[in-house]
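K.L.:
My structure is stored as final.cif, with mmCIF, C-alpha atoms.
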data_input
loop_
_atom_site.label_atom_id
_atom_site.label_comp_id
_atom_site.auth_asym_id
_atom_site.auth_seq_id
_atom_site.Cartn_x
_atom_site.Cartn_y
_atom_site.Cartn_z
CA MET Z 236 14.93 -1.79 -11.03
CA ASN Z 237 18.29 -2.40 -12.57
CA TYR Z 238 19.29 -1.30 -16.01
CA THR Z 239 18.71 -4.59 -17.81
CA ASP Z 240 15.19 -4.78 -16.40
CA ILE Z 241 14.42 -1.29 -17.62
CA LEU Z 242 15.76 -2.08 -21.08
CA ALA Z 243 13.91 -5.37 -21.20
CA SER Z 244 10.64 -3.80 -20.26
CA LYS Z 245 11.01 -1.23 -23.01
CA PHE Z 246 10.93 -4.05 -25.52
CA GLU Z 247 8.16 -6.11 -24.04
CA PRO Z 248 5.96 -7.38 -26.86
CA GLU Z 249 2.50 -6.00 -27.22
CA THR Z 250 0.14 -8.53 -25.69
CA THR Z 251 -3.51 -8.69 -25.04
CA GLY Z 252 -3.05 -9.10 -21.30
CA THR Z 253 -6.70 -9.37 -21.06
CA THR Z 254 -9.98 -10.83 -19.89
CA ILE Z 255 -12.04 -12.75 -22.42
CA MET Z 256 -15.09 -14.89 -21.89
CA ALA Z 257 -17.78 -16.77 -23.76
CA VAL Z 258 -20.89 -18.45 -22.34
CA ILE Z 259 -23.59 -20.55 -23.99
CA TYR Z 260 -27.14 -19.90 -22.94
CA ASP Z 261 -30.47 -21.26 -23.99
CA GLY Z 262 -30.72 -19.98 -27.55
CA GLY Z 263 -27.27 -18.61 -28.29
CA LEU Z 264 -24.06 -17.47 -26.74
CA ILE Z 265 -22.64 -14.32 -25.24
CA ILE Z 266 -19.07 -13.18 -25.71
CA GLY Z 267 -17.46 -10.60 -23.43
CA ALA Z 268 -14.07 -8.92 -23.32
CA ASP Z 269 -12.31 -5.97 -21.74
CA SER Z 270 -10.74 -3.27 -23.92
CA ARG Z 271 -7.13 -2.92 -22.75
CA THR Z 272 -4.15 -3.81 -24.94
CA SER Z 273 -0.97 -3.47 -22.95
CA SER Z 274 2.67 -3.24 -23.93
CA GLY Z 275 4.45 -3.89 -20.64
CA GLN Z 276 3.06 -1.29 -18.28
CA PHE Z 277 1.79 0.99 -21.04
CA VAL Z 278 -1.78 0.82 -22.27
CA ALA Z 279 -1.31 0.82 -26.01
CA ASP Z 280 -5.01 0.68 -26.84
CA ARG Z 281 -7.63 1.54 -24.23
CA CYS Z 282 -10.67 0.85 -26.38
CA ALA Z 283 -9.63 -2.33 -28.20
CA ASP Z 284 -12.09 -4.74 -29.73
CA LYS Z 285 -10.87 -8.21 -28.82
CA ILE Z 286 -13.86 -9.93 -30.37
CA ASP Z 287 -12.48 -10.85 -33.74
CA TYR Z 288 -14.61 -11.70 -36.74
CA ILE Z 289 -14.05 -15.01 -38.47
CA HIS Z 290 -17.37 -15.48 -40.17
CA ASP Z 291 -20.93 -14.19 -39.89
CA ARG Z 292 -21.66 -16.38 -36.90
CA ILE Z 293 -18.12 -17.33 -35.81
CA PHE Z 294 -15.91 -15.17 -33.63
CA CYS Z 295 -12.65 -15.60 -31.83
CA LEU Z 296 -11.29 -14.10 -28.65
CA ARG Z 297 -7.55 -13.62 -28.61
CA SER Z 298 -5.08 -13.64 -25.73
CA GLY Z 299 -1.31 -13.79 -25.64
CA SER Z 300 0.86 -12.03 -28.17
CA ALA Z 301 -1.23 -9.55 -30.15
CA ALA Z 302 0.95 -9.99 -33.21
CA ASP Z 303 0.72 -13.80 -33.20
CA THR Z 304 -3.01 -13.97 -32.67
CA GLN Z 305 -3.81 -11.27 -35.19
CA ILE Z 306 -1.97 -12.94 -38.04
CA ILE Z 307 -3.34 -16.39 -37.23
CA ALA Z 308 -6.87 -15.02 -37.11
CA LYS Z 309 -6.25 -13.36 -40.46
CA HIS Z 310 -5.26 -16.69 -42.01
CA VAL Z 311 -8.17 -18.56 -40.47
CA ARG Z 312 -10.57 -15.86 -41.65
CA TYR Z 313 -9.32 -16.31 -45.18
CA TYR Z 314 -9.54 -20.09 -45.09
CA VAL Z 315 -13.04 -20.05 -43.59
CA ASP Z 316 -14.18 -17.51 -46.16
CA ALA Z 317 -12.91 -19.64 -49.05
CA HIS Z 318 -14.40 -22.76 -47.48
CA ALA Z 319 -17.80 -21.13 -46.97
CA GLN Z 320 -17.86 -19.94 -50.57
CA GLU Z 321 -17.33 -23.50 -51.79
CA LEU Z 322 -19.72 -24.98 -49.24
CA GLY Z 323 -22.51 -22.56 -50.09
CA ARG Z 324 -23.76 -22.48 -46.51
CA LEU Z 325 -22.61 -21.39 -43.05
CA PRO Z 326 -19.40 -23.09 -41.98
CA ALA Z 327 -19.20 -25.16 -38.81
CA VAL Z 328 -17.68 -23.56 -35.73
CA ALA Z 329 -15.63 -26.74 -35.33
CA THR Z 330 -14.07 -26.05 -38.73
CA ALA Z 331 -12.77 -22.67 -37.61
CA ALA Z 332 -11.57 -24.18 -34.36
CA ASN Z 333 -9.68 -26.89 -36.21
CA LEU Z 334 -8.01 -24.39 -38.53
CA PHE Z 335 -6.83 -22.41 -35.50
CA ARG Z 336 -5.68 -25.62 -33.90
CA ASN Z 337 -3.48 -26.49 -36.87
CA PHE Z 338 -1.56 -23.24 -36.49
CA LEU Z 339 -1.26 -23.38 -32.73
CA TYR Z 340 -0.14 -26.99 -32.72
CA GLU Z 341 2.37 -26.93 -35.59
CA TYR Z 342 4.05 -23.79 -34.42
CA LYS Z 343 3.65 -24.24 -30.71
CA ASP Z 344 7.31 -23.49 -29.99
CA SER Z 345 7.22 -20.16 -31.77
CA LEU Z 346 3.83 -18.84 -30.78
CA SER Z 347 2.33 -17.32 -27.68
CA ALA Z 348 -1.34 -17.59 -28.48
CA ALA Z 349 -4.42 -18.83 -26.71
CA ILE Z 350 -7.76 -18.52 -28.47
CA ILE Z 351 -11.42 -19.01 -27.67
CA VAL Z 352 -13.49 -19.78 -30.75
CA ALA Z 353 -17.18 -19.13 -30.22
CA GLY Z 354 -20.07 -19.14 -32.63
CA TRP Z 355 -23.30 -20.58 -33.86
CA ASP Z 356 -23.86 -22.97 -36.76
CA PRO Z 357 -26.96 -24.69 -38.12
CA TYR Z 358 -25.57 -28.15 -37.40
CA LYS Z 359 -24.94 -28.04 -33.67
CA GLY Z 360 -26.16 -24.64 -32.52
CA PRO Z 361 -24.01 -22.48 -30.24
CA GLN Z 362 -20.53 -23.89 -29.51
CA ILE Z 363 -17.42 -22.77 -27.72
CA PHE Z 364 -13.96 -24.21 -28.33
CA THR Z 365 -11.04 -23.32 -26.10
CA LEU Z 366 -7.56 -23.55 -27.60
CA PRO Z 367 -4.90 -23.08 -24.95
CA LEU Z 368 -1.19 -22.53 -25.54
CA GLY Z 369 -0.17 -25.98 -26.79
CA GLY Z 370 -2.81 -26.29 -29.50
CA SER Z 371 -5.32 -28.61 -27.88
CA VAL Z 372 -9.03 -28.14 -28.61
CA ILE Z 373 -11.57 -28.47 -25.83
CA GLU Z 374 -15.27 -27.92 -26.30
CA GLN Z 375 -16.95 -26.21 -23.38
CA LYS Z 376 -20.22 -24.63 -22.34
CA TRP Z 377 -18.37 -21.62 -21.01
CA SER Z 378 -14.80 -20.44 -21.25
CA ILE Z 379 -12.65 -17.71 -19.75
CA GLY Z 380 -9.19 -16.68 -20.85
CA GLY Z 381 -6.45 -14.10 -20.59
CA SER Z 382 -4.54 -12.88 -17.59
CA GLY Z 383 -7.68 -11.55 -15.92
CA SER Z 384 -9.35 -14.93 -15.97
CA THR Z 385 -7.21 -16.14 -13.08
CA PHE Z 386 -9.13 -13.86 -10.76
CA ILE Z 387 -12.58 -15.10 -11.65
CA TRP Z 388 -12.37 -18.89 -11.73
CA GLY Z 389 -14.04 -19.06 -8.34
CA PHE Z 390 -16.72 -16.59 -9.32
CA CYS Z 391 -17.45 -18.41 -12.57
CA ASP Z 392 -17.39 -21.89 -11.06
CA SER Z 393 -19.91 -20.81 -8.44
CA ASN Z 394 -22.19 -18.79 -10.68
CA TYR Z 395 -22.39 -20.73 -13.91
CA LYS Z 396 -25.59 -22.66 -14.54
CA ASP Z 397 -26.64 -24.73 -17.54
CA ASN Z 398 -29.43 -23.37 -19.77
CA MET Z 399 -29.40 -19.80 -18.52
CA THR Z 400 -31.67 -17.23 -20.11
CA PHE Z 401 -30.14 -14.42 -22.14
CA GLN Z 402 -30.50 -12.00 -19.23
CA GLU Z 403 -28.87 -14.35 -16.76
CA ALA Z 404 -26.02 -15.12 -19.11
CA ARG Z 405 -25.47 -11.44 -19.91
CA ALA Z 406 -25.33 -10.58 -16.22
CA PHE Z 407 -22.94 -13.49 -15.61
CA VAL Z 408 -20.52 -12.37 -18.31
CA LEU Z 409 -20.77 -8.70 -17.37
CA HIS Z 410 -20.03 -9.28 -13.70
CA ALA Z 411 -17.31 -11.83 -14.34
CA VAL Z 412 -15.41 -9.58 -16.74
CA ALA Z 413 -15.91 -6.63 -14.39
CA HIS Z 414 -14.49 -8.57 -11.47
CA ALA Z 415 -11.48 -9.60 -13.51
CA MET Z 416 -10.86 -6.04 -14.65
CA PHE Z 417 -11.13 -4.91 -11.05
CA ARG Z 418 -8.12 -6.99 -10.02
CA ASP Z 419 -6.03 -7.49 -13.14
CA GLY Z 420 -3.74 -4.60 -14.01
CA SER Z 421 -3.51 -5.85 -17.59
CA SER Z 422 -7.28 -5.67 -18.10
CA GLY Z 423 -9.38 -2.56 -17.99
CA GLY Z 424 -11.34 0.11 -19.77
CA ILE Z 425 -14.78 -0.70 -21.10
CA ILE Z 426 -16.53 -4.03 -21.62
CA ARG Z 427 -17.63 -5.18 -25.06
CA LEU Z 428 -20.38 -7.79 -25.24
CA LEU Z 429 -21.57 -9.68 -28.28
CA ASN Z 430 -24.71 -11.78 -28.41
CA VAL Z 431 -24.64 -14.46 -31.11
CA THR Z 432 -27.85 -16.22 -32.06
CA LYS Z 433 -29.27 -17.96 -35.09
CA ASP Z 434 -30.93 -14.77 -36.33
CA LYS Z 435 -28.53 -12.00 -35.48
CA ILE Z 436 -25.45 -10.72 -33.75
CA GLU Z 437 -25.83 -7.81 -31.37
CA ARG Z 438 -23.01 -5.76 -29.94
CA GLU Z 439 -23.19 -3.95 -26.65
CA PHE Z 440 -20.83 -1.28 -25.37
CA ILE Z 441 -20.63 -1.07 -21.58
CA ASP Z 442 -19.27 2.36 -20.70
CA TYR Z 443 -16.72 2.53 -17.87
CA LYS Z 444 -19.25 4.21 -15.62
CA ASP Z 445 -21.69 1.32 -16.10
CA VAL Z 446 -19.16 -1.39 -15.24
CA PRO Z 447 -20.64 -3.04 -12.12
CA VAL Z 448 -17.42 -3.39 -10.16
CA LYS Z 449 -14.75 -0.70 -10.02
CA MET W 232 18.47 -8.46 -11.50
CA ILE W 233 20.47 -6.64 -8.89
CA PHE W 234 22.60 -9.26 -7.12
CA ASN W 235 22.39 -9.80 -3.38
CA SER W 236 25.01 -8.18 -1.20
CA GLU W 237 27.81 -10.51 -0.21
CA ILE W 238 27.75 -9.18 3.33
CA SER W 239 26.19 -12.07 5.20
CA GLY W 240 23.76 -11.54 8.00
CA GLN W 241 22.71 -8.17 6.64
CA GLN W 242 19.04 -7.73 6.07
CA GLN W 243 18.28 -7.40 2.39
CA HIS W 244 15.64 -4.88 1.55
CA THR W 245 14.47 -5.53 -1.94
CA THR W 246 16.22 -7.03 -4.93
CA SER W 247 13.05 -6.60 -6.87
CA PRO W 248 9.87 -5.00 -5.66
CA VAL W 249 6.88 -7.08 -4.59
CA VAL W 250 4.11 -4.68 -3.60
CA THR W 251 4.42 -1.47 -5.56
CA GLY W 252 2.77 1.91 -5.50
CA GLY W 253 2.24 4.02 -8.59
CA SER W 254 3.10 7.50 -9.72
CA VAL W 255 3.40 10.54 -7.51
CA ILE W 256 2.79 14.04 -8.84
CA ALA W 257 3.72 17.12 -6.83
CA LEU W 258 3.45 20.82 -7.64
CA VAL W 259 4.05 24.10 -5.87
CA TYR W 260 1.28 26.65 -5.95
CA ASN W 261 0.96 30.20 -4.69
CA GLY W 262 0.36 29.28 -1.06
CA GLY W 263 2.21 26.00 -0.61
CA VAL W 264 2.92 22.63 -2.09
CA ILE W 265 0.51 19.90 -3.21
CA VAL W 266 1.14 16.19 -3.67
CA GLY W 267 -1.10 13.65 -5.40
CA THR W 268 -1.00 9.86 -5.56
CA ASP W 269 -3.46 7.17 -6.44
CA THR W 270 -4.64 4.73 -3.79
CA LEU W 271 -3.50 1.47 -5.33
CA CYS W 272 -0.75 -0.95 -4.37
CA SER W 273 -0.13 -3.63 -6.97
CA TYR W 274 1.21 -7.12 -6.42
CA GLY W 275 2.92 -7.57 -9.76
CA SER W 276 0.14 -7.08 -12.24
CA MET W 277 -2.61 -7.69 -9.71
CA ALA W 278 -4.42 -4.71 -8.23
CA THR W 279 -4.41 -6.14 -4.74
CA PHE W 280 -4.72 -3.28 -2.30
CA LYS W 281 -7.14 -0.65 -3.36
CA ASN W 282 -7.66 1.83 -0.58
CA VAL W 283 -4.11 2.57 0.45
CA GLN W 284 -2.98 5.92 1.77
CA LYS W 285 0.40 6.55 0.22
CA ILE W 286 0.94 10.07 1.52
CA ALA W 287 2.30 10.35 5.05
CA GLN W 288 2.52 13.36 7.30
CA ILE W 289 6.02 13.44 8.74
CA SER W 290 5.82 16.57 10.80
CA LYS W 291 3.54 19.55 11.18
CA ASN W 292 4.71 21.10 7.93
CA THR W 293 6.13 18.20 5.93
CA ILE W 294 4.50 15.43 3.94
CA TYR W 295 6.10 12.49 2.21
CA ALA W 296 5.00 10.21 -0.62
CA SER W 297 6.83 7.74 -2.82
CA SER W 298 6.39 5.29 -5.65
CA GLY W 299 7.98 1.84 -5.63
CA GLU W 300 8.13 -0.88 -3.01
CA PHE W 301 5.47 -0.13 -0.42
CA SER W 302 7.23 -1.77 2.51
CA ASP W 303 10.17 0.57 1.92
CA PHE W 304 7.77 3.50 1.93
CA GLN W 305 6.48 2.38 5.33
CA GLN W 306 10.03 1.96 6.61
CA VAL W 307 11.04 5.42 5.45
CA VAL W 308 8.00 6.90 7.20
CA LYS W 309 9.23 5.27 10.42
CA GLU W 310 12.78 6.56 9.89
CA LEU W 311 11.67 10.12 9.20
CA ALA W 312 9.27 10.11 12.17
CA LYS W 313 12.19 9.00 14.37
CA ILE W 314 14.11 12.12 13.43
CA ASP W 315 11.23 14.36 14.36
CA ARG W 316 10.82 12.61 17.69
CA SER W 317 14.50 12.68 18.57
CA ALA W 318 14.56 16.41 17.96
CA LEU W 319 12.42 16.70 21.08
CA GLN W 320 15.42 15.66 23.15
CA TYR W 321 16.98 19.05 22.61
CA ASP W 322 13.87 20.61 24.12
CA ASP W 323 14.44 23.87 22.30
CA GLY W 324 11.36 23.94 20.12
CA VAL W 325 13.44 23.51 16.98
CA HIS W 326 12.17 20.94 14.53
CA PRO W 327 13.72 19.67 11.33
CA SER W 328 12.67 21.64 8.28
CA PRO W 329 11.30 19.88 5.19
CA LYS W 330 14.68 20.29 3.56
CA ASP W 331 16.31 18.51 6.49
CA TYR W 332 14.11 15.50 5.84
CA GLY W 333 14.90 15.64 2.16
CA ASN W 334 18.59 15.78 2.83
CA PHE W 335 18.45 12.94 5.35
CA LEU W 336 16.57 10.73 2.93
CA ALA W 337 19.04 11.52 0.17
CA ARG W 338 21.98 10.53 2.33
CA LEU W 339 20.21 7.39 3.53
CA SER W 340 19.29 6.37 -0.02
CA TYR W 341 22.81 6.98 -1.27
CA LYS W 342 24.32 4.93 1.55
CA LYS W 343 22.02 2.03 0.74
CA ARG W 344 22.74 2.37 -2.95
CA CYS W 345 26.44 2.10 -2.26
CA LYS W 346 25.82 -1.17 -0.44
CA ILE W 347 23.83 -2.49 -3.42
CA ASN W 348 20.84 -2.74 -1.11
CA PRO W 349 18.63 0.13 -2.06
CA LEU W 350 15.33 1.39 -0.88
CA TYR W 351 13.26 0.68 -3.99
CA LEU W 352 11.64 4.07 -4.07
CA GLN W 353 11.36 7.37 -5.81
CA ASN W 354 10.65 9.70 -2.92
CA VAL W 355 8.91 13.06 -2.81
CA ILE W 356 9.16 15.32 0.22
CA ALA W 357 6.98 18.40 0.32
CA GLY W 358 6.75 21.11 2.92
CA PHE W 359 6.27 24.71 3.86
CA HIS W 360 8.78 26.30 6.24
CA ASN W 361 9.36 29.95 7.21
CA GLY W 362 7.18 31.14 4.38
CA GLU W 363 9.16 29.13 1.83
CA ARG W 364 7.73 26.30 -0.27
CA TYR W 365 9.84 23.15 -0.44
CA LEU W 366 9.58 20.27 -2.88
CA GLY W 367 12.31 17.64 -3.13
CA LEU W 368 12.86 14.42 -5.04
CA VAL W 369 15.14 11.60 -3.93
CA ASP W 370 15.44 8.65 -6.26
CA ILE W 371 16.54 5.05 -5.78
CA TYR W 372 20.22 5.94 -6.13
CA GLY W 373 20.10 8.83 -3.70
CA THR W 374 20.03 11.54 -6.35
CA TYR W 375 18.64 14.64 -4.71
CA LEU W 376 16.97 17.55 -6.43
CA GLU W 377 14.61 20.33 -5.54
CA SER W 378 12.10 21.53 -8.06
CA ASN W 379 8.82 23.33 -8.53
CA PHE W 380 7.15 20.25 -9.90
CA ILE W 381 7.97 16.59 -9.55
CA THR W 382 6.66 13.44 -11.16
CA THR W 383 7.68 9.85 -10.48
CA GLY W 384 7.13 6.62 -12.36
CA PHE W 385 4.96 6.64 -15.44
CA ALA W 386 3.83 10.18 -14.74
CA SER W 387 7.29 11.33 -15.82
CA TYR W 388 6.44 10.21 -19.34
CA PHE W 389 2.86 11.35 -19.60
CA CYS W 390 2.33 14.23 -17.24
CA LYS W 391 5.22 16.61 -17.65
CA ALA W 392 3.69 18.00 -20.82
CA ILE W 393 0.32 18.53 -19.14
CA ILE W 394 1.98 20.24 -16.20
CA ALA W 395 4.12 22.44 -18.44
CA ASN W 396 1.09 23.62 -20.36
CA TYR W 397 -1.50 24.10 -17.64
CA TRP W 398 0.40 24.98 -14.48
CA ASN W 399 2.64 27.73 -13.26
CA GLU W 400 4.32 28.09 -9.89
CA ASN W 401 1.97 30.87 -8.79
CA CYS W 402 -1.33 29.26 -9.62
CA THR W 403 -4.05 28.79 -7.04
CA LEU W 404 -4.60 25.65 -5.00
CA ASP W 405 -7.67 24.75 -7.04
CA GLN W 406 -5.85 25.18 -10.31
CA ALA W 407 -3.01 22.96 -9.08
CA LYS W 408 -5.53 20.33 -7.94
CA GLN W 409 -7.19 20.37 -11.35
CA VAL W 410 -3.87 19.87 -13.10
CA ILE W 411 -3.06 16.89 -10.89
CA ARG W 412 -6.51 15.40 -11.51
CA GLU W 413 -6.01 15.74 -15.27
CA CYS W 414 -2.65 14.03 -14.94
CA PHE W 415 -4.16 11.08 -13.08
CA LYS W 416 -6.92 10.78 -15.66
CA VAL W 417 -4.30 10.29 -18.33
CA LEU W 418 -2.40 7.87 -16.13
CA PHE W 419 -5.52 5.82 -15.47
CA CYS W 420 -6.08 5.52 -19.21
CA ARG W 421 -2.51 4.73 -20.14
CA ASP W 422 -0.78 3.12 -17.15
CA CYS W 423 -1.66 -0.48 -16.37
CA ARG W 424 -0.73 -0.03 -12.74
CA ALA W 425 -2.82 3.05 -12.11
CA HIS W 426 -6.17 3.42 -10.38
CA ASP W 427 -8.76 6.14 -10.78
CA VAL W 428 -9.18 6.84 -7.07
CA ILE W 429 -6.61 9.43 -6.06
CA GLN W 430 -5.63 11.30 -2.94
CA LEU W 431 -4.40 14.85 -2.68
CA ALA W 432 -2.47 16.43 0.16
CA TYR W 433 -1.14 19.93 0.51
CA VAL W 434 1.04 21.88 2.93
CA ASP W 435 0.61 25.58 3.45
CA ALA W 436 1.27 28.12 6.19
CA GLN W 437 -1.39 26.43 8.34
CA GLY W 438 0.27 23.03 8.12
CA ALA W 439 -0.38 19.76 6.35
CA HIS W 440 -3.80 18.73 5.04
CA ILE W 441 -4.42 15.26 3.65
CA GLU W 442 -7.73 15.03 1.83
CA GLU W 443 -10.11 12.12 1.46
CA PRO W 444 -9.63 9.90 -1.60
CA GLU W 445 -11.63 10.92 -4.68
CA ARG W 446 -12.40 9.25 -7.99
CA VAL W 447 -11.40 11.07 -11.19
CA GLU W 448 -13.80 11.09 -14.12
CA THR W 449 -12.48 9.57 -17.33
CA LYS W 450 -14.30 9.59 -20.62
CA TRP W 451 -14.85 6.32 -22.47
CA ASP W 452 -18.03 6.88 -24.44
CA PHE W 453 -16.48 8.38 -27.56
CA ASN W 454 -18.40 7.53 -30.71
CA GLY W 455 -15.31 5.95 -32.17
CA PHE W 456 -14.93 3.65 -29.19
CA LYS W 457 -18.57 2.66 -29.20
CA SER W 458 -18.89 1.98 -32.89
CA ARG W 459 -15.66 0.08 -33.20
CA ALA W 460 -16.39 -3.50 -34.26
CA ASN W 461 -14.16 -5.98 -36.01
CA GLU W 462 -16.92 -7.34 -38.25
CA LYS W 463 -17.09 -3.96 -39.94
CA LEU W 464 -13.58 -4.51 -41.20
CA HIS W 465 -14.51 -7.73 -42.92
CA THR W 466 -18.08 -7.31 -44.13
CA GLN W 467 -19.95 -4.72 -46.22
#
Please lay out the structure from this file as structure tokens.
P.N.:
Amino acid sequence: MNYTDILASKFEPETTGTTIMAVIYDGGLIIGADSRTSSGQFVADRCADKIDYIHDRIFCLRSGSAADTQIIAKHVRYYVDAHAQELGRLPAVATAANLFRNFLYEYKDSLSAAIIVAGWDPYKGPQIFTLPLGGSVIEQKWSIGGSGSTFIWGFCDSNYKDNMTFQEARAFVLHAVAHAMFRDGSSGGIIRLLNVTKDKIEREFIDYKDVPVK
Amino acid sequence: MIFNSEISGQQQHTTSPVVTGGSVIALVYNGGVIVGTDTLCSYGSMATFKNVQKIAQISKNTIYASSGEFSDFQQVVKELAKIDRSALQYDDGVHPSPKDYGNFLARLSYKKRCKINPLYLQNVIAGFHNGERYLGLVDIYGTYLESNFITTGFASYFCKAIIANYWNENCTLDQAKQVIRECFKVLFCRDCRAHDVIQLAYVDAQGAHIEEPERVETKWDFNGFKSRANEKLHTQ
């Protein structure tokens, strides 16, 4: 490595080089993420929670620059909170997605942020919106993101089914994230799962020793 | 980026590494020298090759490991083995000592560095010769040094403190192994290019012993880790 490379790598921005995933099943949706935040080759946070809270039934998964996505999520959280207060009922997932989209689109030249917005609302049930780098919004039944996702497109394309049960969907997310963590150096640690339904949200912590592929 | 040599027709080794191996940690102990590596070769950020032996036995009483470009590691193994074999020509039973290998590698690395065509490696040579322990480091520029403990790559940042606090040059083999395992636990937690399956090899008066790969145990089920949840930051 020459000197400029070494210097450059010292100042690599903190990113969530990561594996994030959300899948709709019959009755709700499951969100999964790894727990590694990396700054170049250094693991800055080995137990991160990448499942970010926007509202009681709306969450976002962040990938790209940690700084960019954190501050955008903070703004969207504020806007959604104010909006929900005025509305007097649960906000639509599409609303949160659109607010994210406005940031990502207007400032696309300055930001490095890709977001998955996932949640449940009383109007359309469970929904997932993927917002890639340029600020487009695409609604999907399942979505994967982050650097680790490149390793599991084949796995996910082969194993996804419509209308899975909770158990099937949980196993799908768990194995997919585990496979991505197995191959991606920027993903690792433990797996955090979140089940979002009409009635509740349930977190699950998958210890490293229980990760199915390692 | 290091620029290509202007000498045409010359084979370029690496201008930037492609397949890389991670940290090497080596310590002396009361009966010999021990070297530890993990068993991963990365292709950029991808953990492509997972069961790789990165410690080579060069001669009866010398072992060699390195971090950096893996193809260069394999080439160096060939070069060092050539020396051992050509010593047979003299038919006098004299074989190169570990220090001879270290010195050769240092001169080779320096020559390549001067041609702006380096072997992209930080090399560790370990051996036991005439009752003396030997541990040498040769880096990408050909810098040569002998020491009682050596770390390469990320381990130089994280593991020197662990080694300084838990190891001494007259500890037992088991104590040295434990220190190396602790070092690799930390590396697995904090180095993106590290793997938790490691391999240990040691050289003592009986010769070189390369052990089977083993997985180190890391702890992830801290209460703080488990209970961490972003919604707690934003709701009552």
K.L.:
Taking (4.1, 8.1, -1.1) as a centre in this file's frame and 6 Å as the limit, can you find every polymer residue with an atom that close, using all atoms listed in the file, and give them as a JSON list (two decimals) with C-alpha atoms, in the coordinates of the input?
P.N.:
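New file out_31.json:
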[["chain", "number", "residue", "atom", "x", "y", "z"],
["W", 285, "LYS", "CA", 0.40, 6.55, 0.22],
["W", 286, "ILE", "CA", 0.94, 10.07, 1.52],
["W", 295, "TYR", "CA", 6.10, 12.49, 2.21],
["W", 296, "ALA", "CA", 5.00, 10.21, -0.62],
["W", 297, "SER", "CA", 6.83, 7.74, -2.82],
["W", 298, "SER", "CA", 6.39, 5.29, -5.65]]
K.L.:
Apply the PyMOL selection byres ((chain W) within 10 of (chain Z)) to the displayed file and report the matching residues as a PyMOL selection string.
P.N.:
chain W and resi 232-234+245-248+273-281+299+349+351-352+371+385+418-428+448-453+455-466
K.L.:
Could you jot down the CA of Phe338 (chain Z) to CA of Asn430 (chain Z) separation for me, Å, one decimal place?
P.N.:
27.1 Å
K.L.:
Using the chain letters and residue numbers of this document, give as a PyMOL selection string the residues selected by the PyMOL selection byres ((chain W and resi 403) around 8).
P.N.:
chain W and resi 260-262+401-402+404-407
K.L.:
Please, which residues are within 8 Å of (21.4, 7.9, -3.9) by the file's coordinates, counting only C-alpha atoms, and could they come as a ChimeraX atom specification?
P.N.:
/W:337-345,369-375
K.L.:
Just give me the gap between CA of Gly324 (chain W) and CA of Ala439 (chain W) in Å, one decimal is fine.
P.N.:
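Atom-to-atom, CA of Gly324 (chain W) and CA of Ala439 (chain W) are spaced 18.6 Å apart.
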K.L.:
Please report the interatomic distance between CA of His310 (chain Z) and CA of Gly354 (chain Z) in Å with one decimal.
P.N.:
17.7 Å
